[in-house]
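Structure first, commentary second.
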Amino acid sequence: MGVKLFKRTSKSVRLTREGNLYTQYAGEILRLFNVSRGRVRAVGEEQRRVLGIGCRNTFELRLLSGALAELREEDGNFIPSLRVVPHDSLENLLLDGEIQVMPTFKENAPKRAVYRELALCRVVCALPEDSPLAERGSLEVQDIAQSCFLAISRPNASPRAVIDVQNRLIAGRGPGSVIFCESIEAQSAVIAAGFAVSVLAETPGIQMDGVCYVPVAGTEPISYGAAYMPDSRDALLNRFLGLLAEISKRE
């Protein structure tokens, strides 16, 4: 601490002025230490499994929370730890063992991870619900190109099939007609507000009030699933993956 707390002689030990001041807090410090030590021991004795789950956006949280709710009914002896971070950071967390599973598109799954498909997602045009195009059964790229504004997100947040359509739509457009969004949530909000249309992968849980999702003609379905490391799979994770697949089919 950089000060002298005691005055020692061969016959006695007594507090200095600084020592007397420190004792005003020492009792509280010891009490908090004992409380924290007890809490840590209690956590160790409970031996509850922590299931680390990562995702990229709040729409994926809808899918995850539904599976977690059903899993809790079956097995309450675990605690979920949810992380919402960009995809690149998720991969590092998975490889480092800080999370055990993450939703992802097959093409973006970490190479060292095991991938399990949950759904095949359509490439769709997301439009305001009052748009004349919202009543169509499908849309050609040239139909979408007639819209005044196009909302797009960061390239690393979308699969290649979506990026290819976006690039075709951006070609020939002035920068003033493209709205760049930092997240899928911001992109969806811009669409719901009536400012723009966008091209998305229709993943489970992505549906938002005020937005219609019309398939884009000539595009192939995109594999969407969950990635996990081979050594992290156990009965709990296996059941969680099964519930994710069931909910994805319902969605």
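Here's how to read the names in the structure tokens: chain A, B, ... by the order shown, residue numbers from 1 in each chain, ligand numbers from 1 in the order shown.
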
I want to know what sits within 8 Å of Ile53 (chain A), based on only C-alpha atoms, with residues of the same chain fewer than 5 positions away left out; could you give that as a ChimeraX atom specification? /A:80-83,99-102

Taking 2 positions as the minimum chain separation for residues in the same chain, which residues sit within 10 Å of region 130-146 of chain A when counting only C-alpha atoms? Answer as a count of residues only. 31

Can you tell me how far CA of Leu21 (chain A) sits from CA of Thr9 (chain A), in Å to one decimal? 20.8 Å

Can you pull out the residues contacting Ser65 (chain A)? Cut-off 12 Å, using only C-alpha atoms, and skip same-chain residues under 6 positions away; I want them as a ChimeraX atom specification. /A:53-55,58-59,71-72,80-82,205,240,243-244,247

Got time to write the residues from that selection, all heavy atoms, as a short mmCIF file (atom, residue, chain, number, x, y, z; two decimals), in the first residue's frame?
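As a result, result_29.cif now contains:
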data_model
loop_
_atom_site.label_atom_id
_atom_site.label_comp_id
_atom_site.auth_asym_id
_atom_site.auth_seq_id
_atom_site.Cartn_x
_atom_site.Cartn_y
_atom_site.Cartn_z
N ILE A 53 -23.81 -20.39 -25.65
CA ILE A 53 -24.42 -20.29 -26.97
C ILE A 53 -24.13 -18.90 -27.53
O ILE A 53 -24.31 -17.90 -26.84
CB ILE A 53 -25.95 -20.48 -26.89
CG1 ILE A 53 -26.29 -21.76 -26.11
CG2 ILE A 53 -26.56 -20.52 -28.28
CD1 ILE A 53 -27.74 -21.86 -25.72
N GLY A 54 -23.69 -18.85 -28.76
CA GLY A 54 -23.41 -17.57 -29.41
C GLY A 54 -24.33 -17.34 -30.59
O GLY A 54 -24.73 -18.30 -31.26
N CYS A 55 -24.66 -16.10 -30.85
CA CYS A 55 -25.46 -15.77 -32.03
C CYS A 55 -25.09 -14.38 -32.52
O CYS A 55 -24.42 -13.62 -31.82
CB CYS A 55 -26.95 -15.89 -31.75
SG CYS A 55 -27.58 -14.78 -30.49
N THR A 58 -30.47 -10.44 -32.63
CA THR A 58 -31.58 -10.73 -31.73
C THR A 58 -32.64 -11.62 -32.37
O THR A 58 -33.41 -12.26 -31.66
CB THR A 58 -32.24 -9.41 -31.27
OG1 THR A 58 -32.65 -8.65 -32.42
CG2 THR A 58 -31.27 -8.59 -30.44
N PHE A 59 -32.68 -11.69 -33.71
CA PHE A 59 -33.61 -12.60 -34.36
C PHE A 59 -33.23 -14.04 -34.05
O PHE A 59 -34.10 -14.89 -33.84
CB PHE A 59 -33.65 -12.36 -35.87
CG PHE A 59 -34.21 -11.02 -36.25
CD1 PHE A 59 -33.49 -10.13 -37.00
CD2 PHE A 59 -35.49 -10.65 -35.85
CE1 PHE A 59 -34.01 -8.89 -37.36
CE2 PHE A 59 -36.03 -9.42 -36.19
CZ PHE A 59 -35.28 -8.54 -36.95
N LEU A 71 -35.96 -27.04 -23.34
CA LEU A 71 -34.90 -27.83 -22.71
C LEU A 71 -34.95 -27.69 -21.19
O LEU A 71 -34.70 -28.65 -20.46
CB LEU A 71 -33.53 -27.40 -23.25
CG LEU A 71 -32.33 -28.23 -22.77
CD1 LEU A 71 -32.48 -29.68 -23.19
CD2 LEU A 71 -31.04 -27.64 -23.36
N ARG A 72 -35.28 -26.49 -20.71
CA ARG A 72 -35.38 -26.28 -19.25
C ARG A 72 -36.47 -27.14 -18.64
O ARG A 72 -36.34 -27.63 -17.52
CB ARG A 72 -35.65 -24.80 -18.97
CG ARG A 72 -35.73 -24.46 -17.49
CD ARG A 72 -36.00 -22.99 -17.29
NE ARG A 72 -37.28 -22.59 -17.86
CZ ARG A 72 -38.45 -22.72 -17.24
NH1 ARG A 72 -38.51 -23.26 -16.02
NH2 ARG A 72 -39.57 -22.32 -17.81
N PRO A 80 -27.89 -21.36 -19.11
CA PRO A 80 -27.48 -20.86 -20.42
C PRO A 80 -26.62 -19.61 -20.29
O PRO A 80 -26.86 -18.76 -19.44
CB PRO A 80 -28.81 -20.55 -21.11
CG PRO A 80 -29.74 -20.21 -19.98
CD PRO A 80 -29.30 -21.04 -18.81
N SER A 81 -25.63 -19.51 -21.15
CA SER A 81 -24.81 -18.31 -21.25
C SER A 81 -24.85 -17.85 -22.70
O SER A 81 -24.28 -18.50 -23.58
CB SER A 81 -23.37 -18.61 -20.82
OG SER A 81 -22.54 -17.48 -21.01
N LEU A 82 -25.56 -16.74 -22.95
CA LEU A 82 -25.80 -16.27 -24.32
C LEU A 82 -24.88 -15.12 -24.67
O LEU A 82 -24.74 -14.17 -23.89
CB LEU A 82 -27.26 -15.85 -24.48
CG LEU A 82 -28.31 -16.96 -24.33
CD1 LEU A 82 -29.71 -16.37 -24.28
CD2 LEU A 82 -28.20 -17.95 -25.47
N GLY A 205 -37.17 -17.31 -37.33
CA GLY A 205 -37.25 -16.22 -36.36
C GLY A 205 -37.03 -14.84 -36.92
O GLY A 205 -37.16 -13.85 -36.19
N PHE A 240 -30.40 -30.17 -27.19
CA PHE A 240 -30.59 -28.78 -27.59
C PHE A 240 -30.61 -28.66 -29.11
O PHE A 240 -31.46 -27.97 -29.68
CB PHE A 240 -29.49 -27.91 -26.99
CG PHE A 240 -29.60 -26.45 -27.34
CD1 PHE A 240 -30.64 -25.69 -26.84
CD2 PHE A 240 -28.67 -25.85 -28.17
CE1 PHE A 240 -30.76 -24.34 -27.15
CE2 PHE A 240 -28.77 -24.50 -28.48
CZ PHE A 240 -29.82 -23.75 -27.98
N LEU A 243 -33.93 -29.88 -30.42
CA LEU A 243 -35.00 -28.91 -30.22
C LEU A 243 -34.88 -27.76 -31.21
O LEU A 243 -35.89 -27.25 -31.72
CB LEU A 243 -34.97 -28.38 -28.79
CG LEU A 243 -35.40 -29.39 -27.72
CD1 LEU A 243 -35.07 -28.85 -26.32
CD2 LEU A 243 -36.88 -29.70 -27.83
N LEU A 244 -33.66 -27.32 -31.50
CA LEU A 244 -33.47 -26.27 -32.51
C LEU A 244 -34.00 -26.72 -33.86
O LEU A 244 -34.65 -25.94 -34.58
CB LEU A 244 -31.98 -25.92 -32.63
CG LEU A 244 -31.35 -25.06 -31.56
CD1 LEU A 244 -29.86 -24.88 -31.84
CD2 LEU A 244 -32.02 -23.69 -31.48
N ILE A 247 -37.91 -26.68 -33.78
CA ILE A 247 -38.46 -25.32 -33.82
C ILE A 247 -38.21 -24.69 -35.19
O ILE A 247 -39.07 -23.96 -35.72
CB ILE A 247 -37.85 -24.46 -32.70
CG1 ILE A 247 -38.29 -25.00 -31.34
CG2 ILE A 247 -38.25 -23.01 -32.85
CD1 ILE A 247 -37.66 -24.33 -30.17
#

Point-to-point distance from CA of Arg48 (chain A) to CA of Leu237 (chain A), Å rounded to tenths: 13.9 Å

Using DSSP on the backbone coordinates, identify all residues within region 7-239 of chain A classified as alpha helix (DSSP H); present the result as a PyMOL selection string. chain A and resi 17-46+58-74+87-95+141-145+160-170+184-192+235-239

Mind writing the picked residues with C-alpha atoms as a PDB file, in the first residue's frame?
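Saved as selection.pdb:
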ATOM      1  CA  ARG A  17      -2.295   6.791  11.951  1.00  0.00           C
ATOM      2  CA  GLU A  18      -2.558   5.214   8.499  1.00  0.00           C
ATOM      3  CA  GLY A  19      -3.167   1.828  10.121  1.00  0.00           C
ATOM      4  CA  ASN A  20      -6.033   3.201  12.192  1.00  0.00           C
ATOM      5  CA  LEU A  21      -7.586   4.660   9.050  1.00  0.00           C
ATOM      6  CA  TYR A  22      -7.270   1.345   7.220  1.00  0.00           C
ATOM      7  CA  THR A  23      -9.025  -0.603   9.985  1.00  0.00           C
ATOM      8  CA  GLN A  24     -12.182   1.411   9.278  1.00  0.00           C
ATOM      9  CA  TYR A  25     -12.498  -0.627   6.063  1.00  0.00           C
ATOM     10  CA  ALA A  26     -10.747  -3.883   6.980  1.00  0.00           C
ATOM     11  CA  GLY A  27     -13.804  -5.466   8.582  1.00  0.00           C
ATOM     12  CA  GLU A  28     -15.930  -4.827   5.495  1.00  0.00           C
ATOM     13  CA  ILE A  29     -13.166  -6.153   3.245  1.00  0.00           C
ATOM     14  CA  LEU A  30     -12.981  -9.396   5.251  1.00  0.00           C
ATOM     15  CA  ARG A  31     -16.769  -9.763   5.247  1.00  0.00           C
ATOM     16  CA  LEU A  32     -16.976  -9.373   1.461  1.00  0.00           C
ATOM     17  CA  PHE A  33     -14.097 -11.795   0.988  1.00  0.00           C
ATOM     18  CA  ASN A  34     -15.834 -14.451   3.060  1.00  0.00           C
ATOM     19  CA  VAL A  35     -19.125 -13.890   1.219  1.00  0.00           C
ATOM     20  CA  SER A  36     -17.480 -14.153  -2.209  1.00  0.00           C
ATOM     21  CA  ARG A  37     -15.525 -17.278  -1.176  1.00  0.00           C
ATOM     22  CA  GLY A  38     -18.741 -18.890   0.032  1.00  0.00           C
ATOM     23  CA  ARG A  39     -20.553 -18.052  -3.199  1.00  0.00           C
ATOM     24  CA  VAL A  40     -17.758 -19.498  -5.325  1.00  0.00           C
ATOM     25  CA  ARG A  41     -17.750 -22.702  -3.280  1.00  0.00           C
ATOM     26  CA  ALA A  42     -21.538 -22.973  -3.579  1.00  0.00           C
ATOM     27  CA  VAL A  43     -21.349 -22.663  -7.369  1.00  0.00           C
ATOM     28  CA  GLY A  44     -18.738 -25.415  -7.474  1.00  0.00           C
ATOM     29  CA  GLU A  45     -20.866 -27.684  -5.312  1.00  0.00           C
ATOM     30  CA  GLU A  46     -23.973 -27.177  -7.483  1.00  0.00           C
ATOM     31  CA  THR A  58     -31.582 -10.726 -31.729  1.00  0.00           C
ATOM     32  CA  PHE A  59     -33.613 -12.601 -34.356  1.00  0.00           C
ATOM     33  CA  GLU A  60     -31.516 -15.685 -33.686  1.00  0.00           C
ATOM     34  CA  LEU A  61     -32.205 -15.192 -29.986  1.00  0.00           C
ATOM     35  CA  ARG A  62     -35.883 -15.923 -30.698  1.00  0.00           C
ATOM     36  CA  LEU A  63     -34.961 -19.339 -32.058  1.00  0.00           C
ATOM     37  CA  LEU A  64     -32.531 -20.038 -29.224  1.00  0.00           C
ATOM     38  CA  SER A  65     -34.852 -18.908 -26.432  1.00  0.00           C
ATOM     39  CA  GLY A  66     -37.611 -21.205 -27.670  1.00  0.00           C
ATOM     40  CA  ALA A  67     -35.288 -24.224 -27.618  1.00  0.00           C
ATOM     41  CA  LEU A  68     -33.906 -23.229 -24.209  1.00  0.00           C
ATOM     42  CA  ALA A  69     -37.405 -22.961 -22.737  1.00  0.00           C
ATOM     43  CA  GLU A  70     -38.268 -26.487 -23.862  1.00  0.00           C
ATOM     44  CA  LEU A  71     -34.902 -27.830 -22.706  1.00  0.00           C
ATOM     45  CA  ARG A  72     -35.379 -26.280 -19.252  1.00  0.00           C
ATOM     46  CA  GLU A  73     -38.644 -28.182 -18.889  1.00  0.00           C
ATOM     47  CA  GLU A  74     -36.815 -31.431 -19.619  1.00  0.00           C
ATOM     48  CA  HIS A  87     -19.852 -13.772 -36.676  1.00  0.00           C
ATOM     49  CA  ASP A  88     -16.044 -13.518 -36.785  1.00  0.00           C
ATOM     50  CA  SER A  89     -15.866 -13.155 -33.012  1.00  0.00           C
ATOM     51  CA  LEU A  90     -18.289 -16.064 -32.558  1.00  0.00           C
ATOM     52  CA  GLU A  91     -15.943 -18.381 -34.416  1.00  0.00           C
ATOM     53  CA  ASN A  92     -13.105 -17.496 -32.047  1.00  0.00           C
ATOM     54  CA  LEU A  93     -15.324 -18.071 -28.999  1.00  0.00           C
ATOM     55  CA  LEU A  94     -16.328 -21.478 -30.351  1.00  0.00           C
ATOM     56  CA  LEU A  95     -12.766 -22.540 -31.098  1.00  0.00           C
ATOM     57  CA  VAL A 141     -34.285  -9.298 -59.679  1.00  0.00           C
ATOM     58  CA  GLN A 142     -35.462  -6.700 -62.193  1.00  0.00           C
ATOM     59  CA  ASP A 143     -38.716  -6.326 -60.236  1.00  0.00           C
ATOM     60  CA  ILE A 144     -36.770  -5.520 -57.073  1.00  0.00           C
ATOM     61  CA  ALA A 145     -34.454  -3.163 -58.962  1.00  0.00           C
ATOM     62  CA  ARG A 160     -23.020 -15.660 -50.845  1.00  0.00           C
ATOM     63  CA  ALA A 161     -26.384 -16.221 -52.578  1.00  0.00           C
ATOM     64  CA  VAL A 162     -27.741 -13.061 -50.924  1.00  0.00           C
ATOM     65  CA  ILE A 163     -24.607 -11.052 -51.710  1.00  0.00           C
ATOM     66  CA  ASP A 164     -24.799 -12.074 -55.381  1.00  0.00           C
ATOM     67  CA  VAL A 165     -28.356 -10.722 -55.673  1.00  0.00           C
ATOM     68  CA  GLN A 166     -27.419  -7.570 -53.762  1.00  0.00           C
ATOM     69  CA  ASN A 167     -24.505  -6.943 -56.127  1.00  0.00           C
ATOM     70  CA  ARG A 168     -26.798  -7.248 -59.142  1.00  0.00           C
ATOM     71  CA  LEU A 169     -29.213  -4.769 -57.567  1.00  0.00           C
ATOM     72  CA  ILE A 170     -26.488  -2.286 -56.612  1.00  0.00           C
ATOM     73  CA  ILE A 184     -30.028  -7.171 -39.613  1.00  0.00           C
ATOM     74  CA  GLU A 185     -32.143  -5.497 -36.926  1.00  0.00           C
ATOM     75  CA  ALA A 186     -31.445  -2.043 -38.387  1.00  0.00           C
ATOM     76  CA  GLN A 187     -32.057  -3.365 -41.891  1.00  0.00           C
ATOM     77  CA  SER A 188     -35.447  -4.802 -40.897  1.00  0.00           C
ATOM     78  CA  ALA A 189     -36.451  -1.594 -39.093  1.00  0.00           C
ATOM     79  CA  VAL A 190     -35.697   0.470 -42.214  1.00  0.00           C
ATOM     80  CA  ILE A 191     -37.863  -1.906 -44.290  1.00  0.00           C
ATOM     81  CA  ALA A 192     -40.755  -1.929 -41.793  1.00  0.00           C
ATOM     82  CA  ALA A 235     -26.456 -35.448 -24.110  1.00  0.00           C
ATOM     83  CA  LEU A 236     -27.401 -31.857 -23.201  1.00  0.00           C
ATOM     84  CA  LEU A 237     -26.033 -30.314 -26.399  1.00  0.00           C
ATOM     85  CA  ASN A 238     -27.456 -33.151 -28.481  1.00  0.00           C
ATOM     86  CA  ARG A 239     -30.961 -32.543 -27.111  1.00  0.00           C
TER      87      ARG A 239
END
